[in-house]
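Peer 1: Below you'll find the structure I mean.
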Amino acid sequence: RVADLDELAPLNDGAFAPMGGLWSTIADLARWVGFLVDAFPSRDEPDSPVLSRASRREMQQVHTASPVSIRETPRGARLSMIGYGMGVMISQHPKLGKVVSHSGGLPGYGSNMRWVPDAGVGVIGLGNRTYLPMSLVTNELVERLASDVFANTDRRWDASAVLEAELRSLAIALFEQPDGLVTHSFAMNVPLDFPIDRRIVDAKVTALEVGVVDHWSFLSTSAASGSLSGQSGTHTVTITASLSPTIPPLIQQYEVQTAALPSKGRTVE
């Protein structure tokens, strides 16, 4: 405390009262953040009579985007993708995915609340100095807490590990057991996009042409898309795929590309 400063009275009614005239506690704000986090994932369960999960998710979608920029952080330069939802800011973290936040400040106060829907983790910071940048604290804490959640539960930094497992399973089906595509776990759109029986025929033709494929290697191009590449004695093979935004995530699209290796015939001068 500073001895020669007076304590400020709460704001009176007026233009700023609705946006800054609320008094709360960590516990109350935690209930509010928990209410918003609980909107994820979408599911068929009893819903709140006050505000549906669908409406809460709509609040936490970008409705007005800000220009993409590069900002310096303690961990180095980071591409900043941020936008405004309905009363909250939404950003995209390269590992945590969606991060939702909101700051507050008045003479004598600074605050920030921040949460990661995919991890179910939130942090709230209240400070008693004018416009105290509590976001520096909450950002650091939410990264630590979310990383612990992803490391110690079935939640992950991103879906790339799930995609790799799904792609390797799909590769076995395509090149070793094409008839198994009938029971393979795909997103519901896959058989609608192209019939499974036609996919089986194409897989058998490709497998017969290419032969035994091994030395598969995985490459992630985003959290939920990537490719698996391999090689046979005559061809290179690449399977590209993307995951559905469901729980569990399933392959919703895939494509197989093959290319014949150069001939090893004798060079004639």
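Ligands are numbered from 1 in the order shown, chains are lettered A, B, ... in the order of the structure tokens, and residues start at 1 in each chain.
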Per residue of stretch 110-207 of chain A within 8 Å of stretch 76-100 of chain A, which atom pair is closest and at what distance in Å (one decimal), using only C-alpha atoms, listed by chain and increasing number, as JSON lines?

Peer 2:
```
{"residue": "A:Arg114", "atom": "CA", "partner": "A:Val100", "partner_atom": "CA", "distance": 5.6}
{"residue": "A:Trp115", "atom": "CA", "partner": "A:Val100", "partner_atom": "CA", "distance": 5.4}
{"residue": "A:Val116", "atom": "CA", "partner": "A:Val99", "partner_atom": "CA", "distance": 4.8}
{"residue": "A:Pro117", "atom": "CA", "partner": "A:Lys98", "partner_atom": "CA", "distance": 6.7}
{"residue": "A:Asp118", "atom": "CA", "partner": "A:Gly97", "partner_atom": "CA", "distance": 7.2}
{"residue": "A:Ala119", "atom": "CA", "partner": "A:Leu96", "partner_atom": "CA", "distance": 7.8}
{"residue": "A:Glu143", "atom": "CA", "partner": "A:Leu96", "partner_atom": "CA", "distance": 7.7}
{"residue": "A:Ala146", "atom": "CA", "partner": "A:Leu96", "partner_atom": "CA", "distance": 7.2}
{"residue": "A:Ser147", "atom": "CA", "partner": "A:Leu96", "partner_atom": "CA", "distance": 7.9}
{"residue": "A:Trp157", "atom": "CA", "partner": "A:Lys95", "partner_atom": "CA", "distance": 5.2}
{"residue": "A:Asp158", "atom": "CA", "partner": "A:Lys95", "partner_atom": "CA", "distance": 6.3}
```

Peer 1: Would you kindly return, as a list in words, each protein, DNA or RNA residue with an atom no farther than 6 Å from any atom of stretch 38-41 of chain A, considering only C-alpha atoms and excluding same-chain residues fewer than 5 positions away?

Peer 2: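 Listed by chain and then number, they are Arg53, Arg56 and Arg57 of chain A.
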
Peer 1: May I have the residues within 12 Å of stretch 121-133 of chain A as a ChimeraX atom specification, using only C-alpha atoms and disregarding those fewer than 6 positions away in the same chain?

Peer 2: /A:1-2,5,7-8,23-38,40,96,98-115,139-150,155

Peer 1: With DSSP run on the backbone, what are the strand (DSSP E) residues within stretch 76-256 of chain A? I'd like them as a compact mmCIF listing (two decimals) with N, CA, C and O atoms, in the first residue's frame.

Peer 2:
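Output file result18.txt is given in full below:
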```
# COMPACT_ATOMS: atom_id res chain seq x y z
N GLY A 76 10.20 -16.83 -27.34
CA GLY A 76 10.58 -16.51 -28.70
C GLY A 76 9.42 -15.90 -29.48
O GLY A 76 8.34 -15.67 -28.94
N ALA A 77 9.65 -15.64 -30.76
CA ALA A 77 8.63 -15.02 -31.61
C ALA A 77 7.48 -15.99 -31.81
O ALA A 77 7.67 -17.20 -31.96
N ARG A 78 6.26 -15.47 -31.82
CA ARG A 78 5.08 -16.30 -31.98
C ARG A 78 4.07 -15.57 -32.86
O ARG A 78 3.83 -14.38 -32.71
N LEU A 79 3.50 -16.33 -33.81
CA LEU A 79 2.46 -15.78 -34.66
C LEU A 79 1.20 -15.58 -33.82
O LEU A 79 0.75 -16.50 -33.14
N SER A 80 0.66 -14.38 -33.85
CA SER A 80 -0.51 -14.05 -33.04
C SER A 80 -1.76 -14.04 -33.91
O SER A 80 -1.87 -13.25 -34.85
N ILE A 82 -5.70 -13.70 -33.22
CA ILE A 82 -6.62 -13.38 -32.14
C ILE A 82 -7.86 -12.68 -32.71
O ILE A 82 -7.80 -12.05 -33.77
N GLY A 83 -8.97 -12.84 -32.04
CA GLY A 83 -10.19 -12.19 -32.47
C GLY A 83 -11.13 -12.01 -31.28
O GLY A 83 -10.88 -12.52 -30.19
N TYR A 84 -12.20 -11.26 -31.52
CA TYR A 84 -13.15 -10.97 -30.45
C TYR A 84 -14.41 -11.79 -30.66
O TYR A 84 -14.97 -11.84 -31.76
N MET A 89 -11.91 -12.64 -25.65
CA MET A 89 -10.91 -12.70 -26.72
C MET A 89 -10.57 -14.16 -26.97
O MET A 89 -10.43 -14.95 -26.04
N ILE A 90 -10.40 -14.52 -28.24
CA ILE A 90 -10.06 -15.88 -28.61
C ILE A 90 -8.76 -15.85 -29.40
O ILE A 90 -8.63 -15.12 -30.38
N SER A 91 -7.79 -16.65 -28.97
CA SER A 91 -6.53 -16.76 -29.70
C SER A 91 -6.25 -18.23 -29.98
O SER A 91 -6.86 -19.12 -29.40
N GLN A 92 -5.30 -18.47 -30.88
CA GLN A 92 -4.94 -19.83 -31.24
C GLN A 92 -3.50 -20.08 -30.84
O GLN A 92 -2.58 -19.45 -31.34
N HIS A 93 -3.30 -21.00 -29.91
CA HIS A 93 -1.97 -21.35 -29.43
C HIS A 93 -1.45 -22.53 -30.24
O HIS A 93 -2.19 -23.46 -30.54
N GLY A 97 -4.02 -25.09 -28.63
CA GLY A 97 -5.24 -24.90 -29.39
C GLY A 97 -5.91 -23.60 -28.99
O GLY A 97 -5.25 -22.58 -28.74
N LYS A 98 -7.23 -23.62 -28.88
CA LYS A 98 -7.97 -22.40 -28.57
C LYS A 98 -7.71 -21.96 -27.13
O LYS A 98 -7.75 -22.77 -26.21
N VAL A 99 -7.42 -20.66 -26.97
CA VAL A 99 -7.27 -20.05 -25.65
C VAL A 99 -8.23 -18.86 -25.59
O VAL A 99 -8.21 -18.00 -26.47
N VAL A 100 -9.07 -18.82 -24.56
CA VAL A 100 -10.06 -17.76 -24.41
C VAL A 100 -9.68 -16.91 -23.20
O VAL A 100 -9.22 -17.45 -22.18
N SER A 101 -9.85 -15.61 -23.31
CA SER A 101 -9.42 -14.74 -22.21
C SER A 101 -10.19 -13.43 -22.21
O SER A 101 -10.88 -13.10 -23.18
N HIS A 102 -10.04 -12.72 -21.10
CA HIS A 102 -10.55 -11.35 -21.01
C HIS A 102 -9.84 -10.65 -19.86
O HIS A 102 -9.62 -11.23 -18.81
N SER A 103 -9.48 -9.39 -20.11
CA SER A 103 -8.81 -8.58 -19.09
C SER A 103 -9.77 -7.52 -18.56
O SER A 103 -10.78 -7.18 -19.19
N GLY A 104 -9.44 -7.01 -17.39
CA GLY A 104 -10.19 -5.91 -16.82
C GLY A 104 -9.25 -4.96 -16.12
O GLY A 104 -8.15 -5.36 -15.71
N GLY A 105 -9.64 -3.71 -15.99
CA GLY A 105 -8.79 -2.76 -15.29
C GLY A 105 -9.50 -1.46 -15.01
O GLY A 105 -10.30 -0.99 -15.82
N LEU A 106 -9.23 -0.94 -13.86
CA LEU A 106 -9.71 0.38 -13.44
C LEU A 106 -8.62 0.97 -12.56
O LEU A 106 -7.71 0.25 -12.12
N TYR A 109 -6.85 -1.31 -9.99
CA TYR A 109 -7.09 -2.73 -10.22
C TYR A 109 -6.55 -3.18 -11.58
O TYR A 109 -6.45 -2.40 -12.52
N GLY A 110 -6.26 -4.46 -11.68
CA GLY A 110 -5.93 -5.10 -12.94
C GLY A 110 -6.31 -6.57 -12.83
O GLY A 110 -6.12 -7.17 -11.77
N SER A 111 -6.87 -7.15 -13.87
CA SER A 111 -7.31 -8.53 -13.78
C SER A 111 -7.25 -9.22 -15.13
O SER A 111 -7.21 -8.56 -16.18
N ASN A 112 -7.25 -10.53 -15.09
CA ASN A 112 -7.29 -11.32 -16.32
C ASN A 112 -7.80 -12.71 -15.99
O ASN A 112 -7.45 -13.28 -14.96
N MET A 113 -8.67 -13.23 -16.86
CA MET A 113 -9.07 -14.64 -16.77
C MET A 113 -8.77 -15.28 -18.12
O MET A 113 -8.96 -14.66 -19.17
N ARG A 114 -8.31 -16.53 -18.07
CA ARG A 114 -7.82 -17.20 -19.29
C ARG A 114 -8.05 -18.69 -19.14
O ARG A 114 -7.83 -19.27 -18.07
N TRP A 115 -8.52 -19.33 -20.21
CA TRP A 115 -8.75 -20.78 -20.11
C TRP A 115 -8.53 -21.47 -21.46
O TRP A 115 -8.56 -20.85 -22.52
N VAL A 116 -8.27 -22.78 -21.36
CA VAL A 116 -8.03 -23.64 -22.52
C VAL A 116 -9.15 -24.67 -22.59
O VAL A 116 -9.17 -25.62 -21.81
N VAL A 121 -8.82 -26.33 -18.45
CA VAL A 121 -8.02 -25.63 -17.45
C VAL A 121 -8.22 -24.12 -17.59
O VAL A 121 -8.23 -23.59 -18.70
N GLY A 122 -8.40 -23.44 -16.47
CA GLY A 122 -8.52 -21.99 -16.48
C GLY A 122 -7.75 -21.36 -15.35
O GLY A 122 -7.49 -21.99 -14.33
N VAL A 123 -7.35 -20.11 -15.53
CA VAL A 123 -6.61 -19.36 -14.52
C VAL A 123 -7.21 -17.96 -14.41
O VAL A 123 -7.55 -17.34 -15.42
N ILE A 124 -7.35 -17.47 -13.18
CA ILE A 124 -7.88 -16.13 -12.94
C ILE A 124 -6.89 -15.37 -12.06
O ILE A 124 -6.40 -15.91 -11.06
N GLY A 125 -6.57 -14.15 -12.45
CA GLY A 125 -5.66 -13.33 -11.67
C GLY A 125 -6.26 -11.97 -11.38
O GLY A 125 -6.72 -11.28 -12.30
N LEU A 126 -6.29 -11.58 -10.11
CA LEU A 126 -6.77 -10.26 -9.72
C LEU A 126 -5.62 -9.52 -9.03
O LEU A 126 -4.96 -10.08 -8.16
N GLY A 127 -5.39 -8.27 -9.43
CA GLY A 127 -4.31 -7.49 -8.84
C GLY A 127 -4.81 -6.17 -8.31
O GLY A 127 -5.79 -5.62 -8.82
N ASP A 214 6.92 -50.63 -47.11
CA ASP A 214 7.44 -50.55 -45.75
C ASP A 214 8.16 -49.22 -45.57
O ASP A 214 8.05 -48.32 -46.39
N HIS A 215 8.89 -49.10 -44.47
CA HIS A 215 9.61 -47.87 -44.14
C HIS A 215 8.69 -46.65 -44.14
O HIS A 215 8.99 -45.60 -44.70
N TRP A 216 7.54 -46.79 -43.47
CA TRP A 216 6.59 -45.69 -43.39
C TRP A 216 7.13 -44.57 -42.50
O TRP A 216 7.73 -44.82 -41.47
N SER A 217 6.91 -43.33 -42.91
CA SER A 217 7.30 -42.17 -42.09
C SER A 217 6.14 -41.19 -42.05
O SER A 217 5.47 -40.95 -43.06
N PHE A 218 5.91 -40.60 -40.89
CA PHE A 218 4.77 -39.70 -40.67
C PHE A 218 5.22 -38.25 -40.67
O PHE A 218 6.27 -37.90 -40.14
N LEU A 219 4.39 -37.37 -41.27
CA LEU A 219 4.64 -35.94 -41.27
C LEU A 219 3.34 -35.23 -40.92
O LEU A 219 2.32 -35.43 -41.57
N SER A 220 3.37 -34.41 -39.86
CA SER A 220 2.20 -33.63 -39.45
C SER A 220 2.26 -32.26 -40.08
O SER A 220 3.26 -31.54 -39.94
N THR A 221 1.21 -31.87 -40.79
CA THR A 221 1.14 -30.53 -41.38
C THR A 221 0.30 -29.58 -40.55
O THR A 221 0.37 -28.37 -40.73
N SER A 222 -0.51 -30.11 -39.65
CA SER A 222 -1.26 -29.32 -38.69
C SER A 222 -1.65 -30.26 -37.56
O SER A 222 -1.28 -31.43 -37.56
N SER A 225 -4.02 -32.83 -39.47
CA SER A 225 -3.80 -33.25 -40.85
C SER A 225 -2.34 -33.60 -41.04
O SER A 225 -1.46 -33.07 -40.35
N GLY A 226 -2.08 -34.50 -41.96
CA GLY A 226 -0.70 -34.92 -42.20
C GLY A 226 -0.65 -36.02 -43.23
O GLY A 226 -1.63 -36.29 -43.94
N SER A 227 0.51 -36.66 -43.32
CA SER A 227 0.70 -37.69 -44.33
C SER A 227 1.59 -38.81 -43.81
O SER A 227 2.36 -38.63 -42.86
N LEU A 228 1.46 -39.97 -44.45
CA LEU A 228 2.27 -41.13 -44.14
C LEU A 228 2.88 -41.59 -45.46
O LEU A 228 2.16 -41.86 -46.43
N SER A 229 4.21 -41.64 -45.50
CA SER A 229 4.91 -41.98 -46.75
C SER A 229 5.69 -43.28 -46.58
O SER A 229 6.27 -43.53 -45.51
N GLY A 230 5.68 -44.10 -47.62
CA GLY A 230 6.40 -45.36 -47.60
C GLY A 230 6.94 -45.69 -48.98
O GLY A 230 6.74 -44.93 -49.94
N GLN A 231 7.59 -46.83 -49.09
CA GLN A 231 8.19 -47.21 -50.36
C GLN A 231 8.19 -48.73 -50.51
O GLN A 231 8.40 -49.46 -49.54
N HIS A 235 7.65 -48.53 -56.12
CA HIS A 235 6.89 -47.29 -56.03
C HIS A 235 7.13 -46.57 -54.70
O HIS A 235 7.50 -47.20 -53.70
N THR A 236 6.89 -45.27 -54.72
CA THR A 236 6.71 -44.51 -53.48
C THR A 236 5.22 -44.32 -53.26
O THR A 236 4.44 -44.22 -54.22
N VAL A 237 4.83 -44.28 -52.00
CA VAL A 237 3.41 -44.17 -51.65
C VAL A 237 3.24 -43.08 -50.60
O VAL A 237 4.02 -43.00 -49.65
N THR A 238 2.23 -42.23 -50.77
CA THR A 238 1.90 -41.21 -49.79
C THR A 238 0.40 -41.24 -49.52
O THR A 238 -0.41 -41.17 -50.46
N ILE A 239 0.05 -41.37 -48.24
CA ILE A 239 -1.35 -41.29 -47.82
C ILE A 239 -1.52 -39.99 -47.05
O ILE A 239 -0.89 -39.79 -46.01
N THR A 240 -2.34 -39.09 -47.55
CA THR A 240 -2.64 -37.86 -46.83
C THR A 240 -4.04 -37.99 -46.22
O THR A 240 -4.93 -38.62 -46.80
N ALA A 241 -4.21 -37.39 -45.05
CA ALA A 241 -5.49 -37.54 -44.36
C ALA A 241 -5.72 -36.39 -43.40
O ALA A 241 -4.78 -35.66 -43.03
N SER A 242 -6.97 -36.22 -42.98
CA SER A 242 -7.32 -35.25 -41.95
C SER A 242 -8.32 -35.90 -41.00
O SER A 242 -9.03 -36.83 -41.36
N LEU A 243 -8.35 -35.38 -39.76
CA LEU A 243 -9.21 -35.92 -38.72
C LEU A 243 -10.49 -35.10 -38.57
O LEU A 243 -10.51 -33.90 -38.82
N ILE A 251 -10.58 -40.43 -39.01
CA ILE A 251 -10.22 -39.96 -40.33
C ILE A 251 -11.49 -39.60 -41.10
O ILE A 251 -12.41 -40.40 -41.24
N GLN A 252 -11.53 -38.35 -41.58
CA GLN A 252 -12.70 -37.89 -42.32
C GLN A 252 -12.41 -37.72 -43.81
O GLN A 252 -13.33 -37.52 -44.61
N GLN A 253 -11.13 -37.79 -44.18
CA GLN A 253 -10.76 -37.68 -45.58
C GLN A 253 -9.38 -38.28 -45.76
O GLN A 253 -8.50 -38.09 -44.91
N TYR A 254 -9.19 -39.04 -46.82
CA TYR A 254 -7.85 -39.55 -47.12
C TYR A 254 -7.67 -39.69 -48.62
O TYR A 254 -8.64 -39.82 -49.38
N GLU A 255 -6.43 -39.66 -49.04
CA GLU A 255 -6.10 -39.79 -50.45
C GLU A 255 -4.79 -40.56 -50.56
O GLU A 255 -3.86 -40.34 -49.77
N VAL A 256 -4.71 -41.46 -51.53
CA VAL A 256 -3.51 -42.27 -51.75
C VAL A 256 -2.88 -41.86 -53.06
O VAL A 256 -3.54 -41.83 -54.11
```

Peer 1: Return as a ChimeraX atom specification the full set of residues in stretch 61-165 of chain A whose backbone-based DSSP assignment is alpha helix (DSSP H).

Peer 2: /A:135-152,160-165

Peer 1: Can you work out the spacing between atom CA of A:Leu250 and atom CA of A:Phe186 in Å, to one decimal?

Peer 2: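 Atom-to-atom, atom CA of A:Leu250 to atom CA of A:Phe186, that is 5.5 Å.
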
Peer 1: Counting only C-alpha atoms, which residue out of A:Pro178, A:Arg168, A:Pro262, A:Met188 sits closest to A:Thr246?

Peer 2: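 Answer, going by the shortest atom-to-atom distance: A:Met188.
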